[in-house]
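Worksheet: the structure to be examined is printed underneath.
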Amino acid sequence: MFTLSAAFFVTRTKKNVLLQRRYSHAVDKSTGVASDHAVVLTAIQSIHAYPDTLRRVTYVDPDTHKRFRFLTNNFVLPALTIAKIYKSRWQVELFFKWIKQHLRIKAFYGTSENAVKTQIWIAVSVYVLVAIVRKRLELDASLYQILQIFSVTLFEKMPILQVFQDGVSQSDLFADSNQLILFDL
């Protein structure tokens, strides 16, 4: 399916994956690439799932000396590029992890590509605006704390600078509130 649509994938292999090497390509080991093989899967279930030939690229990270093995269906790109693609893929995953941790997106309201992009861009815009407020007002509070304060004081009628003054505590913010207090903390 991937190959027919001219798409390719790069994934890490597990140690227990059963492969049979068909042939090897010459590699420049000074780049960190240890080997470049054409392989086929040999486990019966794997053969049925993906019967085509794959490419296994082994790369040794020069900094950590860790060995990484990648599987791909791309036989055109150089082996070092395959390793770099996986590293870039990891950066994308780290970016989405950052989004989950910082942008407070609990669920996507739409499933189309446009809906997801719009929601992410709105969340990024809010994050940047809060960062600008923090810098301009020279606040010591973290971005998370500022967002929390904004969510609590969203409908309060008070100047924004007054909200962030040291003398204003959270109890002062709720002093004139009609909200009942469940716990006296």
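Going through the structure tokens in order, the chains are called A, B, and so on, while each chain numbers its residues from 1 and the ligands are numbered from 1 in the order shown.
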Excluding His25 (chain A) and its own-chain neighbours fewer than 6 positions away, which residues fall within 10 Å of it when counting only C-alpha atoms? Please give them as a PDB file with C-alpha atoms, in the first residue's frame.
ATOM      1  CA  SER A  35      25.741  -1.311   7.494  1.00  0.00           C
ATOM      2  CA  ASP A  36      23.158  -1.059   4.724  1.00  0.00           C
ATOM      3  CA  HIS A  37      21.355  -4.300   3.833  1.00  0.00           C
ATOM      4  CA  ALA A  38      18.433  -5.379   1.716  1.00  0.00           C
ATOM      5  CA  VAL A  57      20.318   0.626   7.920  1.00  0.00           C
ATOM      6  CA  ALA A  79      21.813   5.403   4.255  1.00  0.00           C
TER       7      ALA A  79
END
Exercise. Mind giving me the straight-line distance from CA of Lys135 (chain A) to CA of Lys117 (chain A) in Å, one decimal?
Key: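 Separation of CA of Lys135 (chain A) and CA of Lys117 (chain A): 26.7 Å.
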Practice problem: Quick one: everything within 6 Å of Arg69 (chain A), counting only C-alpha atoms, minus sequence neighbours fewer than 5 positions away in the same chain. Send it as a PyMOL selection string. | Solution: chain A and resi 12-13+57-58
Give me a file of those residues, with N, CA and C atoms, as a CSV table (one decimal), in the first residue's frame.
chain,number,residue,atom,x,y,z
A,12,ARG,N,12.3,2.2,13.6
A,12,ARG,CA,13.4,1.4,14.3
A,12,ARG,C,13.0,-0.1,14.4
A,13,THR,N,13.9,-0.9,14.3
A,13,THR,CA,13.6,-2.4,14.4
A,13,THR,C,13.8,-2.8,15.9
A,57,VAL,N,19.2,-0.2,7.8
A,57,VAL,CA,20.3,0.6,7.9
A,57,VAL,C,20.7,0.6,9.4
A,58,THR,N,22.0,0.3,9.7
A,58,THR,CA,22.5,0.4,11.0
A,58,THR,C,23.4,1.6,11.2
Exercise. Excluding Lys14 (chain A) and residues on its chain fewer than 5 positions from it, collect all residues at most 12 Å away from it, counting only C-alpha atoms, and give them as a ChimeraX atom specification.
Key: /A:19,56,67-71
Exercise. Find the residues near Pro78 (chain A): any atom within 12 Å, counting only C-alpha atoms, skip ones fewer than 3 places away on the same chain, and give them as a PyMOL selection string.
Key: chain A and resi 25-28+31+33+35-36+55-57+72+74-75+81-85
Please produce an output containing N, CA and C atoms for each residue in the selection, written as a PDB file, in the first residue's frame.
ATOM      1  N   HIS A  25      25.076  -3.328   0.810  1.00  0.00           N
ATOM      2  CA  HIS A  25      25.589  -2.184   0.057  1.00  0.00           C
ATOM      3  C   HIS A  25      26.837  -1.675   0.765  1.00  0.00           C
ATOM      4  N   ALA A  26      27.758  -1.129   0.003  1.00  0.00           N
ATOM      5  CA  ALA A  26      28.967  -0.547   0.587  1.00  0.00           C
ATOM      6  C   ALA A  26      28.595   0.719   1.353  1.00  0.00           C
ATOM      7  N   VAL A  27      29.246   0.936   2.494  1.00  0.00           N
ATOM      8  CA  VAL A  27      28.962   2.113   3.321  1.00  0.00           C
ATOM      9  C   VAL A  27      30.261   2.805   3.702  1.00  0.00           C
ATOM     10  N   ASP A  28      30.152   4.084   3.974  1.00  0.00           N
ATOM     11  CA  ASP A  28      31.271   4.864   4.492  1.00  0.00           C
ATOM     12  C   ASP A  28      31.116   4.910   6.006  1.00  0.00           C
ATOM     13  N   THR A  31      30.875   8.044   8.459  1.00  0.00           N
ATOM     14  CA  THR A  31      29.657   8.844   8.615  1.00  0.00           C
ATOM     15  C   THR A  31      28.798   8.359   9.768  1.00  0.00           C
ATOM     16  N   VAL A  33      27.358   5.312   9.613  1.00  0.00           N
ATOM     17  CA  VAL A  33      26.576   4.206   9.071  1.00  0.00           C
ATOM     18  C   VAL A  33      27.420   2.942   9.155  1.00  0.00           C
ATOM     19  N   SER A  35      26.104  -0.359   8.545  1.00  0.00           N
ATOM     20  CA  SER A  35      25.741  -1.311   7.494  1.00  0.00           C
ATOM     21  C   SER A  35      24.485  -0.846   6.773  1.00  0.00           C
ATOM     22  N   ASP A  36      24.312  -1.370   5.560  1.00  0.00           N
ATOM     23  CA  ASP A  36      23.158  -1.059   4.724  1.00  0.00           C
ATOM     24  C   ASP A  36      22.803  -2.334   3.978  1.00  0.00           C
ATOM     25  N   ARG A  55      14.807  -2.438   3.560  1.00  0.00           N
ATOM     26  CA  ARG A  55      16.196  -1.996   3.716  1.00  0.00           C
ATOM     27  C   ARG A  55      16.448  -1.777   5.196  1.00  0.00           C
ATOM     28  N   ARG A  56      17.531  -2.389   5.706  1.00  0.00           N
ATOM     29  CA  ARG A  56      17.919  -2.186   7.101  1.00  0.00           C
ATOM     30  C   ARG A  56      19.221  -1.390   7.125  1.00  0.00           C
ATOM     31  N   VAL A  57      19.159  -0.250   7.779  1.00  0.00           N
ATOM     32  CA  VAL A  57      20.318   0.626   7.920  1.00  0.00           C
ATOM     33  C   VAL A  57      20.713   0.617   9.381  1.00  0.00           C
ATOM     34  N   THR A  72      13.295   0.492   6.373  1.00  0.00           N
ATOM     35  CA  THR A  72      12.616   1.404   5.462  1.00  0.00           C
ATOM     36  C   THR A  72      12.298   0.666   4.163  1.00  0.00           C
ATOM     37  N   ASN A  74      12.522   2.547   1.424  1.00  0.00           N
ATOM     38  CA  ASN A  74      13.172   3.466   0.491  1.00  0.00           C
ATOM     39  C   ASN A  74      14.574   2.969   0.180  1.00  0.00           C
ATOM     40  N   PHE A  75      14.819   2.663  -1.090  1.00  0.00           N
ATOM     41  CA  PHE A  75      16.121   2.180  -1.529  1.00  0.00           C
ATOM     42  C   PHE A  75      16.878   3.242  -2.313  1.00  0.00           C
ATOM     43  N   THR A  81      21.056   9.557   5.157  1.00  0.00           N
ATOM     44  CA  THR A  81      19.812  10.327   5.089  1.00  0.00           C
ATOM     45  C   THR A  81      18.677   9.593   5.787  1.00  0.00           C
ATOM     46  N   ILE A  82      18.644   8.273   5.665  1.00  0.00           N
ATOM     47  CA  ILE A  82      17.625   7.474   6.353  1.00  0.00           C
ATOM     48  C   ILE A  82      17.755   7.667   7.871  1.00  0.00           C
ATOM     49  N   ALA A  83      18.983   7.639   8.373  1.00  0.00           N
ATOM     50  CA  ALA A  83      19.209   7.850   9.810  1.00  0.00           C
ATOM     51  C   ALA A  83      18.790   9.267  10.216  1.00  0.00           C
ATOM     52  N   LYS A  84      19.085  10.244   9.395  1.00  0.00           N
ATOM     53  CA  LYS A  84      18.720  11.627   9.704  1.00  0.00           C
ATOM     54  C   LYS A  84      17.205  11.825   9.657  1.00  0.00           C
ATOM     55  N   ILE A  85      16.533  11.118   8.772  1.00  0.00           N
ATOM     56  CA  ILE A  85      15.070  11.203   8.705  1.00  0.00           C
ATOM     57  C   ILE A  85      14.465  10.712  10.012  1.00  0.00           C
TER      58      ILE A  85
END
Exercise. Step one, run DSSP on the backbone; step two, keep only residues of chain A assigned to alpha helix (DSSP H); then write them as a ChimeraX atom specification.
Key: /A:44-49,79-102,113-136,143-152,160-163,170-173
Write a file of the just-selected residues containing C-alpha atoms, as a PDB file, in the first residue's frame.
ATOM      1  CA  ILE A  44       5.261 -16.174   8.818  1.00  0.00           C
ATOM      2  CA  GLN A  45       2.949 -13.442  10.132  1.00  0.00           C
ATOM      3  CA  SER A  46       5.430 -10.751   9.104  1.00  0.00           C
ATOM      4  CA  ILE A  47       5.749 -12.133   5.571  1.00  0.00           C
ATOM      5  CA  HIS A  48       1.983 -11.929   5.144  1.00  0.00           C
ATOM      6  CA  ALA A  49       1.880  -8.406   6.577  1.00  0.00           C
ATOM      7  CA  ALA A  79      21.813   5.403   4.255  1.00  0.00           C
ATOM      8  CA  LEU A  80      22.912   8.442   6.279  1.00  0.00           C
ATOM      9  CA  THR A  81      19.812  10.327   5.089  1.00  0.00           C
ATOM     10  CA  ILE A  82      17.625   7.474   6.353  1.00  0.00           C
ATOM     11  CA  ALA A  83      19.209   7.850   9.810  1.00  0.00           C
ATOM     12  CA  LYS A  84      18.720  11.627   9.704  1.00  0.00           C
ATOM     13  CA  ILE A  85      15.070  11.203   8.705  1.00  0.00           C
ATOM     14  CA  TYR A  86      14.457   9.104  11.787  1.00  0.00           C
ATOM     15  CA  LYS A  87      16.197  11.709  13.940  1.00  0.00           C
ATOM     16  CA  SER A  88      13.968  14.399  12.403  1.00  0.00           C
ATOM     17  CA  ARG A  89      10.942  12.212  13.071  1.00  0.00           C
ATOM     18  CA  TRP A  90      11.956  12.112  16.716  1.00  0.00           C
ATOM     19  CA  GLN A  91      12.126  15.921  16.768  1.00  0.00           C
ATOM     20  CA  VAL A  92       8.541  16.031  15.451  1.00  0.00           C
ATOM     21  CA  GLU A  93       7.444  13.681  18.242  1.00  0.00           C
ATOM     22  CA  LEU A  94       9.191  15.884  20.804  1.00  0.00           C
ATOM     23  CA  PHE A  95       7.361  18.888  19.338  1.00  0.00           C
ATOM     24  CA  PHE A  96       3.989  17.169  19.774  1.00  0.00           C
ATOM     25  CA  LYS A  97       4.962  16.175  23.312  1.00  0.00           C
ATOM     26  CA  TRP A  98       5.733  19.840  23.969  1.00  0.00           C
ATOM     27  CA  ILE A  99       2.332  20.772  22.513  1.00  0.00           C
ATOM     28  CA  LYS A 100       0.592  18.340  24.865  1.00  0.00           C
ATOM     29  CA  GLN A 101       2.482  19.668  27.885  1.00  0.00           C
ATOM     30  CA  HIS A 102       2.269  23.399  27.199  1.00  0.00           C
ATOM     31  CA  GLU A 113      -6.802  18.496   8.847  1.00  0.00           C
ATOM     32  CA  ASN A 114      -7.960  22.113   8.799  1.00  0.00           C
ATOM     33  CA  ALA A 115      -9.733  21.810  12.176  1.00  0.00           C
ATOM     34  CA  VAL A 116      -6.664  20.292  13.858  1.00  0.00           C
ATOM     35  CA  LYS A 117      -4.293  22.865  12.337  1.00  0.00           C
ATOM     36  CA  THR A 118      -6.595  25.726  13.326  1.00  0.00           C
ATOM     37  CA  GLN A 119      -6.824  24.546  16.921  1.00  0.00           C
ATOM     38  CA  ILE A 120      -3.049  24.070  17.176  1.00  0.00           C
ATOM     39  CA  TRP A 121      -2.371  27.528  15.695  1.00  0.00           C
ATOM     40  CA  ILE A 122      -4.837  29.135  18.113  1.00  0.00           C
ATOM     41  CA  ALA A 123      -3.151  27.395  21.045  1.00  0.00           C
ATOM     42  CA  VAL A 124       0.320  28.423  19.814  1.00  0.00           C
ATOM     43  CA  SER A 125      -0.909  32.016  19.392  1.00  0.00           C
ATOM     44  CA  VAL A 126      -2.252  32.105  22.950  1.00  0.00           C
ATOM     45  CA  TYR A 127       1.034  30.688  24.240  1.00  0.00           C
ATOM     46  CA  VAL A 128       3.037  33.341  22.367  1.00  0.00           C
ATOM     47  CA  LEU A 129       0.746  36.140  23.557  1.00  0.00           C
ATOM     48  CA  VAL A 130       1.137  35.006  27.169  1.00  0.00           C
ATOM     49  CA  ALA A 131       4.918  34.865  26.674  1.00  0.00           C
ATOM     50  CA  ILE A 132       4.832  38.440  25.346  1.00  0.00           C
ATOM     51  CA  VAL A 133       2.759  39.585  28.355  1.00  0.00           C
ATOM     52  CA  ARG A 134       5.209  37.881  30.698  1.00  0.00           C
ATOM     53  CA  LYS A 135       8.200  39.557  29.073  1.00  0.00           C
ATOM     54  CA  ARG A 136       6.657  43.038  28.780  1.00  0.00           C
ATOM     55  CA  LEU A 143       3.733  30.726  31.675  1.00  0.00           C
ATOM     56  CA  TYR A 144       1.651  27.962  33.223  1.00  0.00           C
ATOM     57  CA  GLN A 145       0.934  30.101  36.311  1.00  0.00           C
ATOM     58  CA  ILE A 146       0.007  33.080  34.152  1.00  0.00           C
ATOM     59  CA  LEU A 147      -2.389  30.940  32.114  1.00  0.00           C
ATOM     60  CA  GLN A 148      -3.918  29.668  35.351  1.00  0.00           C
ATOM     61  CA  ILE A 149      -4.401  33.225  36.608  1.00  0.00           C
ATOM     62  CA  PHE A 150      -5.942  34.256  33.286  1.00  0.00           C
ATOM     63  CA  SER A 151      -8.361  31.339  33.398  1.00  0.00           C
ATOM     64  CA  VAL A 152      -9.456  32.254  36.935  1.00  0.00           C
ATOM     65  CA  ILE A 160      -4.231  43.223  34.280  1.00  0.00           C
ATOM     66  CA  LEU A 161      -1.290  44.758  36.147  1.00  0.00           C
ATOM     67  CA  GLN A 162      -3.246  44.635  39.387  1.00  0.00           C
ATOM     68  CA  VAL A 163      -3.800  40.890  38.952  1.00  0.00           C
ATOM     69  CA  GLN A 170      -5.779  34.439  45.181  1.00  0.00           C
ATOM     70  CA  SER A 171      -8.160  35.012  48.116  1.00  0.00           C
ATOM     71  CA  ASP A 172      -8.301  38.729  47.199  1.00  0.00           C
ATOM     72  CA  LEU A 173      -9.344  37.784  43.681  1.00  0.00           C
TER      73      LEU A 173
END
Practice problem: Would you mind reading off the distance between CA of Thr11 (chain A) and CA of Tyr50 (chain A), one decimal, in Å? | Solution: 13.9 Å
Exercise. Name the residues of chain A that come out as strand (DSSP E) in a backbone DSSP run; write them as a PyMOL selection string.
Key: chain A and resi 10-12+19-24+33-41+54-60+67-72
Output N, CA and C atoms for every residue in the selection just made, as a short mmCIF file (atom, residue, chain, number, x, y, z; two decimals), in the first residue's frame.
data_model
loop_
_atom_site.label_atom_id
_atom_site.label_comp_id
_atom_site.auth_asym_id
_atom_site.auth_seq_id
_atom_site.Cartn_x
_atom_site.Cartn_y
_atom_site.Cartn_z
N VAL A 10 10.19 5.09 7.70
CA VAL A 10 11.44 4.77 8.40
C VAL A 10 11.04 4.47 9.83
N THR A 11 11.43 3.30 10.32
CA THR A 11 11.10 2.90 11.68
C THR A 11 12.28 2.18 12.29
N ARG A 12 12.33 2.15 13.60
CA ARG A 12 13.39 1.39 14.28
C ARG A 12 12.96 -0.06 14.36
N LEU A 19 14.85 -11.39 10.39
CA LEU A 19 15.16 -10.90 9.05
C LEU A 19 16.17 -11.82 8.38
N GLN A 20 16.10 -11.83 7.06
CA GLN A 20 17.12 -12.55 6.30
C GLN A 20 17.75 -11.55 5.34
N ARG A 21 19.08 -11.45 5.38
CA ARG A 21 19.78 -10.51 4.52
C ARG A 21 19.86 -11.06 3.11
N ARG A 22 19.50 -10.22 2.13
CA ARG A 22 19.58 -10.61 0.72
C ARG A 22 20.90 -10.14 0.10
N TYR A 23 21.25 -8.89 0.32
CA TYR A 23 22.53 -8.38 -0.16
C TYR A 23 22.90 -7.14 0.64
N SER A 24 24.17 -6.76 0.54
CA SER A 24 24.70 -5.63 1.29
C SER A 24 25.17 -4.54 0.34
N VAL A 33 27.36 5.31 9.61
CA VAL A 33 26.58 4.21 9.07
C VAL A 33 27.42 2.94 9.16
N ALA A 34 26.94 1.93 9.88
CA ALA A 34 27.69 0.69 10.07
C ALA A 34 27.37 -0.33 8.99
N SER A 35 26.10 -0.36 8.55
CA SER A 35 25.74 -1.31 7.49
C SER A 35 24.49 -0.85 6.77
N ASP A 36 24.31 -1.37 5.56
CA ASP A 36 23.16 -1.06 4.72
C ASP A 36 22.80 -2.33 3.98
N HIS A 37 21.72 -3.00 4.39
CA HIS A 37 21.36 -4.30 3.83
C HIS A 37 19.96 -4.27 3.24
N ALA A 38 19.77 -5.07 2.21
CA ALA A 38 18.43 -5.38 1.72
C ALA A 38 18.02 -6.66 2.42
N VAL A 39 16.84 -6.66 3.05
CA VAL A 39 16.40 -7.78 3.88
C VAL A 39 14.95 -8.12 3.56
N VAL A 40 14.56 -9.32 3.98
CA VAL A 40 13.15 -9.71 3.94
C VAL A 40 12.78 -10.22 5.32
N LEU A 41 11.53 -10.03 5.67
CA LEU A 41 11.03 -10.55 6.94
C LEU A 41 10.87 -12.06 6.81
N LEU A 54 12.82 -5.11 2.21
CA LEU A 54 13.05 -3.91 3.01
C LEU A 54 14.53 -3.57 3.04
N ARG A 55 14.81 -2.44 3.56
CA ARG A 55 16.20 -2.00 3.72
C ARG A 55 16.45 -1.78 5.20
N ARG A 56 17.53 -2.39 5.71
CA ARG A 56 17.92 -2.19 7.10
C ARG A 56 19.22 -1.39 7.12
N VAL A 57 19.16 -0.25 7.78
CA VAL A 57 20.32 0.63 7.92
C VAL A 57 20.71 0.62 9.38
N THR A 58 21.97 0.32 9.66
CA THR A 58 22.49 0.37 11.03
C THR A 58 23.37 1.60 11.16
N TYR A 59 23.07 2.38 12.19
CA TYR A 59 23.77 3.64 12.41
C TYR A 59 24.29 3.69 13.83
N VAL A 60 25.52 4.14 14.01
CA VAL A 60 26.12 4.28 15.34
C VAL A 60 26.26 5.77 15.62
N ARG A 67 23.92 2.01 19.07
CA ARG A 67 23.66 1.44 17.74
C ARG A 67 22.16 1.47 17.49
N PHE A 68 21.77 2.04 16.36
CA PHE A 68 20.37 2.11 15.96
C PHE A 68 20.18 1.34 14.66
N ARG A 69 19.11 0.57 14.58
CA ARG A 69 18.78 -0.17 13.35
C ARG A 69 17.44 0.33 12.84
N PHE A 70 17.42 0.73 11.59
CA PHE A 70 16.21 1.27 10.97
C PHE A 70 15.76 0.37 9.83
N LEU A 71 14.45 0.27 9.68
CA LEU A 71 13.87 -0.42 8.53
C LEU A 71 13.15 0.62 7.69
N THR A 72 13.29 0.49 6.37
CA THR A 72 12.62 1.40 5.46
C THR A 72 12.30 0.67 4.16
#
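Using only C-alpha atoms for every distance, the candidate list A:Leu18, A:Ala6, A:Lys66, A:Pro51 yields A:Lys66 as the residue closest to Gly32 (chain A).
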